[in-house]
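K.L.:
Provided herewith is a single structure, encoded as structure tokens, for subsequent inquiry.
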Amino acid sequence: MDDSLCNLLITKGQLKQDIFAITLETMQLFKECSKNFEDFYRVNYADDHEDIPVRYDNKTQYQFQLKFAGDVLVFLMHSNIFEFSRDHEVMRSAYIKEDKTRSYCGMIQIFNFLGDSFKYNRINDLGYMIGRILINKEGHYYIEGKRELAQVLNNFSSNKINKESVQEILKSAITYTINFDLLVPDYEETKIISVNDMLQIEDQNLIRTGKRLGFRFEQDKNGE
């Protein structure tokens with residue numbers, strides 16, 4: 001054993017700790033902006049639209065939910081640190097080539113579920129990742145996601161996480177979710193059901209529901 005091994009351990013370990021701390025701070029910003037949205041809606045709109053609620057629900061240090069109308073957004077911070085793959089476009093940027101450690105990032109994922117999936121404990125229902133935010137040691141961020149989220153300008157070398165950028169990302173996520181509609185399931189896939197499944201539906205809600213069956217995170221054919 002030698003000093004170089006210990007120095008590598010300390011350097012890499014400290015890098016990941018620093019990124020984790022920045023990602024956790026970003027998660028807190030998302031929580032604050034989501035709570036502010038709930039408060040703003042309650043003060044200005046809730047009384048006239050009691051059947052269209054908005055509710056912020058803090059679950060853990062790494063997870064919270066934002067419920068609005070019939071949808072739920074789940075924000076989930078991963079506890080580990082990741083590096084962009086060598087084939088990713090950001091790895092070809094001058095920003096990364098100047099300092100490769102900038103390619104290490106914390107990650108916050110955004111999932112969309114139907115509100116009824118939680119309300120009725122429909123454990124077979126599907127949720128969809130509509131976006132994820134990757135944050136590096138300098139607080140710079142990169143977004144991967146669907147439609148409105150993907151349209152947020154990605155400039156990893158200059159985009160920095162702050163309250164304004166978090167508000168923009170949150171607004172984009174909510175807008176996409178509102179426009180991400182529930183489709184009628186394919187008839188051929190749902191026309192047959194077993195007696196056993198039918199007998200259990202009242203208690204367990206076994207018929208799986210999701211906004212898109214066969215959803216993929218990569219670009220959909222219709223651009224959504």
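By convention in this document, the chains of the structure tokens carry letters A, B, ... by their order, each chain's residues are numbered from 1, and ligands are numbered from 1 in the order they are shown.
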Mind checking which residues fall within 12 Å of stretch 37-46 of chain A, counting only C-alpha atoms, ignoring those fewer than 2 positions away in the same chain, and posting them as an MDAnalysis selection string?

P.N.:
chainID A and resid 30:35 48:57 65:69 167 170:171 174

K.L.:
Quick one: residues within 12 Å of A:Gln14, only C-alpha atoms, excluding same-chain residues fewer than 5 positions away - as an mmCIF file with all heavy atoms, in the first residue's frame?

P.N.:
data_model
loop_
_atom_site.group_PDB
_atom_site.id
_atom_site.type_symbol
_atom_site.label_atom_id
_atom_site.label_comp_id
_atom_site.auth_asym_id
_atom_site.auth_seq_id
_atom_site.Cartn_x
_atom_site.Cartn_y
_atom_site.Cartn_z
ATOM 1 N N ASN A 7 -4.615 8.677 -1.285
ATOM 2 C CA ASN A 7 -4.997 9.971 -1.853
ATOM 3 C C ASN A 7 -6.141 9.821 -2.856
ATOM 4 O O ASN A 7 -7.033 10.668 -2.921
ATOM 5 C CB ASN A 7 -3.793 10.628 -2.533
ATOM 6 C CG ASN A 7 -2.763 11.110 -1.523
ATOM 7 O OD1 ASN A 7 -3.106 11.438 -0.392
ATOM 8 N ND2 ASN A 7 -1.500 11.131 -1.931
ATOM 9 N N LEU A 8 -6.099 8.728 -3.645
ATOM 10 C CA LEU A 8 -7.183 8.460 -4.584
ATOM 11 C C LEU A 8 -8.498 8.244 -3.844
ATOM 12 O O LEU A 8 -9.546 8.783 -4.225
ATOM 13 C CB LEU A 8 -6.849 7.229 -5.432
ATOM 14 C CG LEU A 8 -7.960 6.742 -6.382
ATOM 15 C CD1 LEU A 8 -8.285 7.817 -7.423
ATOM 16 C CD2 LEU A 8 -7.543 5.441 -7.056
ATOM 17 N N LEU A 9 -8.426 7.467 -2.779
ATOM 18 C CA LEU A 9 -9.606 7.197 -1.968
ATOM 19 C C LEU A 9 -10.206 8.489 -1.403
ATOM 20 O O LEU A 9 -11.412 8.725 -1.493
ATOM 21 C CB LEU A 9 -9.235 6.251 -0.810
ATOM 22 C CG LEU A 9 -10.306 6.016 0.256
ATOM 23 C CD1 LEU A 9 -11.522 5.337 -0.342
ATOM 24 C CD2 LEU A 9 -9.731 5.196 1.404
ATOM 25 N N ILE A 19 -20.753 16.369 -4.072
ATOM 26 C CA ILE A 19 -21.861 16.295 -5.024
ATOM 27 C C ILE A 19 -23.150 15.890 -4.311
ATOM 28 O O ILE A 19 -24.229 16.438 -4.586
ATOM 29 C CB ILE A 19 -21.537 15.308 -6.161
ATOM 30 C CG1 ILE A 19 -20.340 15.809 -6.974
ATOM 31 C CG2 ILE A 19 -22.756 15.103 -7.068
ATOM 32 C CD1 ILE A 19 -19.795 14.789 -7.960
ATOM 33 N N PHE A 20 -23.040 14.957 -3.395
ATOM 34 C CA PHE A 20 -24.208 14.525 -2.628
ATOM 35 C C PHE A 20 -24.818 15.704 -1.869
ATOM 36 O O PHE A 20 -26.037 15.892 -1.868
ATOM 37 C CB PHE A 20 -23.806 13.427 -1.647
ATOM 38 C CG PHE A 20 -24.929 12.962 -0.760
ATOM 39 C CD1 PHE A 20 -25.826 11.988 -1.183
ATOM 40 C CD2 PHE A 20 -25.104 13.515 0.502
ATOM 41 C CE1 PHE A 20 -26.871 11.578 -0.358
ATOM 42 C CE2 PHE A 20 -26.139 13.113 1.333
ATOM 43 C CZ PHE A 20 -27.023 12.136 0.896
ATOM 44 N N ALA A 21 -23.972 16.516 -1.256
ATOM 45 C CA ALA A 21 -24.454 17.663 -0.488
ATOM 46 C C ALA A 21 -25.176 18.667 -1.380
ATOM 47 O O ALA A 21 -26.237 19.192 -1.017
ATOM 48 C CB ALA A 21 -23.287 18.337 0.234
ATOM 49 N N ILE A 81 -23.884 8.527 -6.447
ATOM 50 C CA ILE A 81 -23.368 9.475 -7.436
ATOM 51 C C ILE A 81 -23.044 8.719 -8.715
ATOM 52 O O ILE A 81 -22.508 7.608 -8.678
ATOM 53 C CB ILE A 81 -22.103 10.184 -6.905
ATOM 54 C CG1 ILE A 81 -22.404 10.868 -5.574
ATOM 55 C CG2 ILE A 81 -21.591 11.192 -7.932
ATOM 56 C CD1 ILE A 81 -23.549 11.862 -5.606
ATOM 57 N N THR A 101 -13.857 15.523 -13.658
ATOM 58 C CA THR A 101 -14.663 15.293 -12.450
ATOM 59 C C THR A 101 -16.001 16.028 -12.523
ATOM 60 O O THR A 101 -16.901 15.753 -11.734
ATOM 61 C CB THR A 101 -13.909 15.731 -11.180
ATOM 62 O OG1 THR A 101 -13.641 17.148 -11.230
ATOM 63 C CG2 THR A 101 -12.597 14.972 -11.042
ATOM 64 N N LYS A 137 -20.581 18.782 -9.207
ATOM 65 C CA LYS A 137 -19.929 19.374 -8.034
ATOM 66 C C LYS A 137 -20.012 20.896 -8.014
ATOM 67 O O LYS A 137 -19.888 21.519 -6.952
ATOM 68 C CB LYS A 137 -18.463 18.949 -7.981
ATOM 69 C CG LYS A 137 -17.612 19.500 -9.141
ATOM 70 C CD LYS A 137 -16.152 19.132 -9.000
ATOM 71 C CE LYS A 137 -15.303 19.795 -10.090
ATOM 72 N NZ LYS A 137 -13.863 19.502 -9.924
#

K.L.:
What gap, in Å, lies between atom CA of A:Tyr62 and atom CA of A:Leu76?

P.N.:
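Calculated distance between atom CA of A:Tyr62 and atom CA of A:Leu76 is 5.8 Å.
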
K.L.:
When DSSP works through the backbone of this structure, what residues of stretch 55-192 of chain A end up as strand (DSSP E), shown as a ChimeraX atom specification?

P.N.:
/A:55-60,63-68,71-77,82-83,104-114,128-135,141-145
